[in-house]
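work_17.csv (CSV, C-alpha atoms)
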chain,number,residue,atom,x,y,z
M,26,MET,CA,130.7,129.8,119.9
M,27,GLU,CA,134.3,129.8,118.8
M,28,MET,CA,136.1,126.5,119.4
M,29,ASN,CA,139.2,125.0,117.9
M,30,SER,CA,139.2,121.6,116.2
M,31,THR,CA,140.8,119.9,119.2
M,32,THR,CA,138.1,120.8,121.6
M,33,ASP,CA,136.1,117.8,122.9
M,34,PRO,CA,132.4,118.5,122.4
M,35,ARG,CA,131.7,116.5,125.6
M,36,ALA,CA,133.6,119.1,127.6
M,37,VAL,CA,131.3,121.7,126.3
M,38,VAL,CA,128.3,119.6,127.2
M,39,GLN,CA,129.6,119.1,130.7
M,40,ASP,CA,129.8,122.9,131.1
M,41,ALA,CA,126.3,123.2,129.7
M,42,SER,CA,125.2,120.5,132.2
M,43,GLU,CA,126.5,122.6,135.1
M,44,ARG,CA,124.8,125.7,133.8
M,45,TRP,CA,121.4,124.0,133.5
M,46,GLN,CA,121.9,121.8,136.6
M,47,ALA,CA,120.4,118.8,134.8
M,48,SER,CA,119.3,116.0,137.1
M,49,ALA,CA,120.7,112.5,136.6
M,50,ASP,CA,117.3,111.0,136.1
M,51,CYS,CA,116.1,113.5,133.5
M,52,VAL,CA,116.9,112.7,129.8
M,53,GLU,CA,118.3,115.8,128.2
M,54,TYR,CA,119.8,116.6,124.8
M,55,VAL,CA,122.1,119.4,123.9
M,56,GLY,CA,123.0,120.8,120.4
M,57,MET,CA,125.8,123.1,119.3
M,58,ARG,CA,128.0,123.9,116.4
M,59,VAL,CA,131.6,122.9,116.6
M,60,ASP,CA,133.7,124.6,113.9
M,61,GLY,CA,130.4,125.0,112.0
M,62,THR,CA,129.5,121.3,112.3
M,63,PRO,CA,126.2,120.5,114.1
M,64,VAL,CA,126.8,118.3,117.2
M,65,VAL,CA,124.1,116.7,119.3
M,66,LEU,CA,124.6,114.8,122.5
M,67,ASN,CA,122.5,112.9,125.0
M,68,LEU,CA,123.5,114.9,128.0
M,69,THR,CA,122.3,112.2,130.5
M,70,ALA,CA,124.0,109.3,128.8
M,71,HIS,CA,127.1,111.4,127.9
M,72,GLU,CA,127.0,110.1,124.4
M,73,ARG,CA,127.1,111.8,121.0
M,74,LEU,CA,124.0,111.2,119.0
M,75,SER,CA,124.7,109.6,115.6
M,76,PRO,CA,122.5,109.6,112.5
M,77,ASN,CA,123.4,106.0,111.7
M,78,ARG,CA,120.5,104.3,113.5
M,79,SER,CA,117.9,106.7,112.2
M,80,LEU,CA,119.2,106.3,108.6
M,81,GLY,CA,118.0,102.8,108.8
M,82,LEU,CA,114.5,104.2,108.9
M,83,VAL,CA,114.6,107.3,106.8
M,84,ARG,CA,117.4,108.8,104.6
M,85,HIS,CA,116.8,112.5,104.6
M,86,SER,CA,120.4,113.6,105.4
M,87,PRO,CA,123.2,111.0,105.4
M,88,ALA,CA,125.6,113.9,105.9
M,89,GLY,CA,124.2,114.7,109.4
M,90,PHE,CA,121.9,116.8,111.5
M,91,ASP,CA,120.7,120.3,111.5
M,92,TRP,CA,118.0,122.4,113.2
M,93,GLY,CA,116.2,125.7,113.2
M,94,TYR,CA,114.2,125.2,110.0
M,95,THR,CA,112.1,122.5,108.2
M,96,GLY,CA,114.5,120.6,105.9
M,97,SER,CA,116.4,117.3,105.5
M,98,GLY,CA,118.9,117.8,108.3
M,99,PRO,CA,116.3,118.7,110.8
M,100,ALA,CA,114.1,115.8,109.6
M,101,GLN,CA,117.0,113.4,110.3
M,102,LEU,CA,117.6,114.9,113.7
M,103,ALA,CA,113.9,114.6,114.6
M,104,CYS,CA,113.9,110.9,113.7
M,105,ALA,CA,117.2,110.3,115.6
M,106,LEU,CA,116.0,112.1,118.7
M,107,LEU,CA,112.7,110.2,118.8
M,108,LEU,CA,114.4,106.9,118.1
M,109,ASP,CA,117.0,107.5,120.8
M,110,TYR,CA,114.5,108.7,123.4
M,111,THR,CA,111.7,106.2,122.9
M,112,ASP,CA,113.8,103.2,121.5
M,113,ASN,CA,110.7,102.6,119.3
M,114,GLU,CA,111.0,102.6,115.5
M,115,THR,CA,107.3,102.8,115.0
M,116,VAL,CA,106.9,105.9,117.1
M,117,ALA,CA,109.9,107.6,115.5
M,118,GLN,CA,108.8,106.9,112.0
M,119,GLN,CA,105.2,108.0,112.6
M,120,HIS,CA,106.0,111.2,114.3
M,121,TYR,CA,109.4,112.5,113.2
M,122,ILE,CA,107.9,114.9,110.6
M,123,GLN,CA,105.6,116.5,113.1
M,124,PHE,CA,108.5,116.6,115.6
M,125,ARG,CA,110.7,118.3,113.1
M,126,ASN,CA,108.0,120.9,112.2
M,127,ASN,CA,106.9,121.6,115.8
M,128,VAL,CA,110.1,121.2,117.8
M,129,VAL,CA,113.4,120.8,115.9
M,130,SER,CA,112.6,123.7,113.5
M,131,GLN,CA,112.3,125.9,116.6
M,132,LEU,CA,115.6,125.0,118.2
M,133,VAL,CA,118.1,127.9,118.5
M,134,CYS,CA,121.6,128.0,119.8
M,135,ASP,CA,121.6,130.8,122.4
M,136,GLY,CA,122.4,131.6,126.0
M,137,PRO,CA,125.9,131.8,127.6
M,138,ALA,CA,126.8,128.3,126.2
M,139,ASP,CA,125.5,129.1,122.7
M,140,CYS,CA,123.6,125.8,122.7
M,141,TRP,CA,120.0,124.5,122.7
M,142,HIS,CA,118.8,121.9,125.0
M,143,LEU,CA,115.7,119.6,124.9
M,144,THR,CA,114.4,117.6,127.9
M,145,GLY,CA,112.6,114.3,128.0
M,146,GLU,CA,109.7,116.1,129.5
M,147,GLU,CA,109.4,118.3,126.4
M,148,ILE,CA,109.7,115.3,124.1
M,149,GLU,CA,106.9,113.5,126.0
M,150,ALA,CA,104.7,116.6,125.8
M,151,ALA,CA,105.2,116.8,122.1
M,152,LEU,CA,104.4,113.1,121.6
M,153,ALA,CA,101.3,113.4,123.7
M,154,GLU,CA,100.0,116.2,121.5
M,155,PHE,CA,100.8,114.2,118.3
M,156,GLU,CA,99.2,111.1,119.6
M,157,GLU,CA,96.0,113.0,120.4
M,158,TYR,CA,95.6,114.1,116.8
M,159,ARG,CA,97.4,111.4,114.9
M,160,ALA,CA,94.5,109.1,113.8
M,161,LEU,CA,91.7,110.6,111.9
M,162,THR,CA,89.7,107.4,112.1
M,163,PRO,CA,90.2,104.3,114.3
M,164,ASP,CA,90.7,101.9,111.4
M,165,GLY,CA,92.9,104.2,109.3
M,166,GLY,CA,90.5,104.4,106.4
M,167,THR,CA,89.8,102.1,103.5
M,168,PRO,CA,92.0,101.3,100.4
M,169,SER,CA,91.4,103.5,97.3
M,170,SER,CA,91.8,101.9,93.9
M,171,SER,CA,93.1,105.1,92.4
M,172,LEU,CA,96.0,105.5,95.0
M,173,PRO,CA,99.1,103.4,96.0
M,174,ALA,CA,98.6,100.6,98.5
M,175,ASN,CA,100.1,102.7,101.3
M,176,TRP,CA,97.3,105.3,101.1
M,177,SER,CA,93.6,105.0,102.1
M,178,ALA,CA,90.5,107.2,102.1
M,179,VAL,CA,89.3,108.4,105.5
M,180,SER,CA,85.7,109.2,106.3
M,181,ARG,CA,85.1,112.7,107.4
M,182,THR,CA,81.9,114.7,107.6
M,183,ASP,CA,83.4,118.0,106.6
M,184,ARG,CA,85.9,117.1,103.9
M,185,THR,CA,87.7,114.3,102.1
M,186,VAL,CA,91.0,113.1,103.6
M,187,PHE,CA,93.5,110.6,102.3
M,188,GLN,CA,95.7,109.1,104.9
M,189,ARG,CA,99.1,107.4,104.4
M,190,ARG,CA,99.3,104.2,106.3
M,191,ASP,CA,103.1,104.0,107.0
M,192,ILE,CA,103.8,107.5,108.2
M,193,ASP,CA,101.8,110.5,109.3
M,194,HIS,CA,101.1,112.1,105.9
M,195,TYR,CA,97.6,113.3,104.7
M,196,VAL,CA,96.1,114.8,101.6
M,197,VAL,CA,93.2,117.0,102.6
M,198,LEU,CA,90.6,117.9,99.9
M,199,ALA,CA,88.6,121.0,100.7
M,200,GLU,CA,86.0,122.5,98.4
M,201,GLY,CA,85.7,126.3,98.4
M,202,SER,CA,83.3,128.5,96.6
M,203,GLU,CA,85.4,128.8,93.5
M,204,GLU,CA,88.2,126.3,93.7
M,205,TRP,CA,89.5,123.1,95.2
M,206,LEU,CA,92.3,123.4,97.8
M,207,ILE,CA,94.3,120.1,97.9
M,208,ILE,CA,96.9,120.0,100.7
M,209,LEU,CA,99.7,117.6,101.5
M,210,CYS,CA,100.5,117.8,105.2
M,211,ALA,CA,102.0,115.9,108.1
M,212,GLN,CA,99.3,116.5,110.7
M,213,GLY,CA,96.0,116.3,109.0
M,214,ASP,CA,94.1,119.6,108.7
M,215,ARG,CA,96.0,121.0,111.8
M,216,ALA,CA,99.0,121.6,109.5
M,217,TYR,CA,97.3,124.3,107.3
M,218,PRO,CA,99.6,127.1,108.4
M,219,ALA,CA,102.6,125.1,107.1
M,220,PRO,CA,101.6,122.4,104.5
M,221,LEU,CA,104.3,120.3,102.8
M,222,ASP,CA,102.7,121.3,99.4
M,223,HIS,CA,99.3,122.1,97.9
M,224,ARG,CA,97.4,122.4,94.7
M,225,THR,CA,94.4,124.6,93.7
M,226,LEU,CA,92.0,123.8,90.9
M,227,PRO,CA,88.7,125.4,89.6
M,228,VAL,CA,85.9,123.7,91.5
M,229,GLU,CA,84.4,122.3,88.3
M,230,ASN,CA,87.6,120.3,87.7
M,231,ASP,CA,88.1,116.7,88.8
M,232,PRO,CA,90.7,116.9,91.6
M,233,ALA,CA,91.8,113.2,91.3
M,234,SER,CA,94.9,114.0,89.3
M,235,ALA,CA,96.0,116.6,91.9
M,236,VAL,CA,95.5,114.2,94.8
M,237,GLN,CA,97.5,111.6,92.9
M,238,ALA,CA,100.3,114.1,92.3
M,239,LEU,CA,100.6,115.0,96.0
M,240,VAL,CA,100.4,111.3,97.0
M,241,ALA,CA,103.3,110.6,94.7
M,242,GLU,CA,105.2,113.5,96.1
M,243,SER,CA,104.8,112.1,99.6
M,244,ASN,CA,106.0,108.7,98.5
M,245,ASP,CA,109.0,110.3,96.9
M,246,LEU,CA,109.8,112.3,100.0
M,247,VAL,CA,109.7,109.2,102.2
M,248,GLU,CA,109.9,106.0,100.3
M,249,PRO,CA,107.2,103.5,101.3
M,250,GLU,CA,108.2,100.4,103.1
M,251,GLU,CA,108.2,97.2,100.9
M,252,ALA,CA,105.2,95.0,101.5
M,253,ASN,CA,106.0,91.7,103.1

How does the structure come out when it is put into structure tokens?
Amino acid sequence: MEMNSTTDPRAVVQDASERWQASADCVEYVGMRVDGTPVVLNLTAHERLSPNRSLGLVRHSPAGFDWGYTGSGPAQLACALLLDYTDNETVAQQHYIQFRNNVVSQLVCDGPADCWHLTGEEIEAALAEFEEYRALTPDGGTPSSSLPANWSAVSRTDRTVFQRRDIDHYVVLAEGSEEWLIILCAQGDRAYPAPLDHRTLPVENDPASAVQALVAESNDLVEPEEAN
């Protein structure tokens, strides 16, 4: 979509609103690129979405938002969208990685207005799915002496899982016929098609060091909260 630098993005959003006939009681977000810069607005509130509030929770992309892939800009947008929609920091922090992977990475600017739009109903549906699979055990597992304090071991009958306490990250340890497969993911073993990272080791090796490496990688990706 070609626009000059003086064009008000809100005018574009109003045009998009007329195209989609958004109702006043339905929260809806719209995203576009203005002179190459990603712009996201809350269509219902007629306000531009800023990364500032979400940067207080996670600092993936201080420069701003992006979408259409799994990266730092989309992660910041995912957190900002959830925070703006739910007004709940805990929900945003727990689910933004899943929301980035499943929703924000799929957003594409298309149609007559060359924009994407996302409704509150779609956000609710995504959150409902995340909530269904979020906890692997009711108590979140037990502390492990070999891992940082924000990680715990989770009891599973089919495999060993380590669960991060402050965000929705897991390390899944699966034993194959010839090697260990150790996966760092954001949705438990449901994220196998797109893990954040993984290690493989001969099955006779002790996998502890590989688990510790992936745990450290998660803590580097999203810095743990300081203990009170």

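Atom CA of M:Ser177 lies 28.6 Å from atom CA of M:Ala150.
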
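Our summary of the geometry notes that atom CA of M:Ala105 is positioned 15.0 Å from atom CA of M:Glu149.
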
message = Between atom CA of M:Leu107 and atom CA of M:Thr62, what distance in Å does the model show, to one decimal?
response =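 Straight-line distance from atom CA of M:Leu107 to atom CA of M:Thr62 works out to 21.2 Å.
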
inquiry  = At a cut-off of 12 Å, using all atoms listed in the file, what residues contact stretch 243-245 of chain M? Leave out same-chain residues fewer than 3 positions from it and give the result as number ranges by chain.
reply    = M: 83-85, 122, 172-176, 187-196, 208-211, 220-223, 236-240, 248-251

message = Please list as a ChimeraX atom specification every residue within 9 Å of M:Ile148, counting all atoms listed in the file and excluding residues in the same chain fewer than 6 positions away.
response = /M:106-107,110,124,128

request  = Considering all atoms listed in the file, state which residue in the set M:Ser169, M:Val59, M:Pro232, M:Cys104 is at the smallest distance from M:Ala199.
outcome  = M:Pro232

request  = Taking the point (108.7, 123.3, 118.9) as given in the file, collect each protein or nucleic acid residue that comes within 10 Å of it, counting all atoms listed in the file, and present the set as a PyMOL selection string.
outcome  = chain M and resi 93+123-132+143+147-148+151

message = What's around stretch 87-89 of chain M at 8 Å? Count only C-alpha atoms, leave out sequence neighbours fewer than 4 positions away in its own chain, and write the answer as a list in words.
response =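 Selected residues are Pro63, Pro76, Leu80, Gly98, Gln101 and Leu102 of chain M.
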
Atom completion result for stretch 123-143 of chain M (N, CA, C and O atoms) as a CSV table (one decimal), in the frame of the given file:
chain,number,residue,atom,x,y,z
M,123,GLN,N,106.2,115.5,112.2
M,123,GLN,CA,105.6,116.5,113.1
M,123,GLN,C,106.6,117.0,114.1
M,123,GLN,O,106.6,118.2,114.4
M,124,PHE,N,107.5,116.2,114.6
M,124,PHE,CA,108.5,116.6,115.6
M,124,PHE,C,109.4,117.6,115.0
M,124,PHE,O,109.8,118.6,115.7
M,125,ARG,N,109.8,117.4,113.8
M,125,ARG,CA,110.7,118.3,113.1
M,125,ARG,C,109.9,119.7,112.9
M,125,ARG,O,110.5,120.7,113.2
M,126,ASN,N,108.7,119.6,112.5
M,126,ASN,CA,108.0,120.9,112.2
M,126,ASN,C,107.7,121.7,113.5
M,126,ASN,O,107.8,122.9,113.5
M,127,ASN,N,107.3,121.0,114.6
M,127,ASN,CA,106.9,121.6,115.8
M,127,ASN,C,108.0,121.9,116.8
M,127,ASN,O,107.9,122.8,117.6
M,128,VAL,N,109.1,121.1,116.8
M,128,VAL,CA,110.1,121.2,117.8
M,128,VAL,C,111.5,121.5,117.2
M,128,VAL,O,112.1,122.5,117.6
M,129,VAL,N,112.0,120.6,116.4
M,129,VAL,CA,113.4,120.8,115.9
M,129,VAL,C,113.5,122.1,115.1
M,129,VAL,O,114.6,122.7,115.2
M,130,SER,N,112.5,122.5,114.3
M,130,SER,CA,112.6,123.7,113.5
M,130,SER,C,112.7,124.9,114.4
M,130,SER,O,113.1,126.0,114.0
M,131,GLN,N,112.3,124.8,115.7
M,131,GLN,CA,112.3,125.9,116.6
M,131,GLN,C,113.6,126.0,117.5
M,131,GLN,O,113.7,126.9,118.3
M,132,LEU,N,114.4,125.0,117.4
M,132,LEU,CA,115.6,125.0,118.2
M,132,LEU,C,116.6,126.0,117.8
M,132,LEU,O,116.9,126.2,116.6
M,133,VAL,N,117.2,126.8,118.8
M,133,VAL,CA,118.1,127.9,118.5
M,133,VAL,C,119.3,127.8,119.5
M,133,VAL,O,119.1,127.6,120.7
M,134,CYS,N,120.5,127.9,119.0
M,134,CYS,CA,121.6,128.0,119.8
M,134,CYS,C,121.7,129.4,120.4
M,134,CYS,O,122.0,130.4,119.7
M,135,ASP,N,121.5,129.5,121.7
M,135,ASP,CA,121.6,130.8,122.4
M,135,ASP,C,122.0,130.6,123.8
M,135,ASP,O,122.4,129.5,124.2
M,136,GLY,N,122.0,131.7,124.6
M,136,GLY,CA,122.4,131.6,126.0
M,136,GLY,C,123.9,131.7,126.1
M,136,GLY,O,124.7,131.7,125.1
M,137,PRO,N,124.4,131.6,127.3
M,137,PRO,CA,125.9,131.8,127.6
M,137,PRO,C,126.7,130.7,126.9
M,137,PRO,O,127.8,130.9,126.5
M,138,ALA,N,126.1,129.4,126.8
M,138,ALA,CA,126.8,128.3,126.2
M,138,ALA,C,126.6,128.2,124.7
M,138,ALA,O,127.2,127.4,124.1
M,139,ASP,N,125.8,129.1,124.1
M,139,ASP,CA,125.5,129.1,122.7
M,139,ASP,C,125.1,127.7,122.2
M,139,ASP,O,125.6,127.1,121.3
M,140,CYS,N,124.1,127.1,123.0
M,140,CYS,CA,123.6,125.8,122.7
M,140,CYS,C,122.1,125.8,122.8
M,140,CYS,O,121.5,126.7,123.4
M,141,TRP,N,121.4,124.8,122.3
M,141,TRP,CA,120.0,124.5,122.7
M,141,TRP,C,120.0,123.3,123.5
M,141,TRP,O,120.9,122.4,123.5
M,142,HIS,N,118.9,123.1,124.3
M,142,HIS,CA,118.8,121.9,125.0
M,142,HIS,C,117.3,121.5,125.0
M,142,HIS,O,116.4,122.3,125.0
M,143,LEU,N,117.1,120.2,125.1
M,143,LEU,CA,115.7,119.6,124.9
M,143,LEU,C,115.6,118.5,126.0
M,143,LEU,O,116.4,117.6,126.0
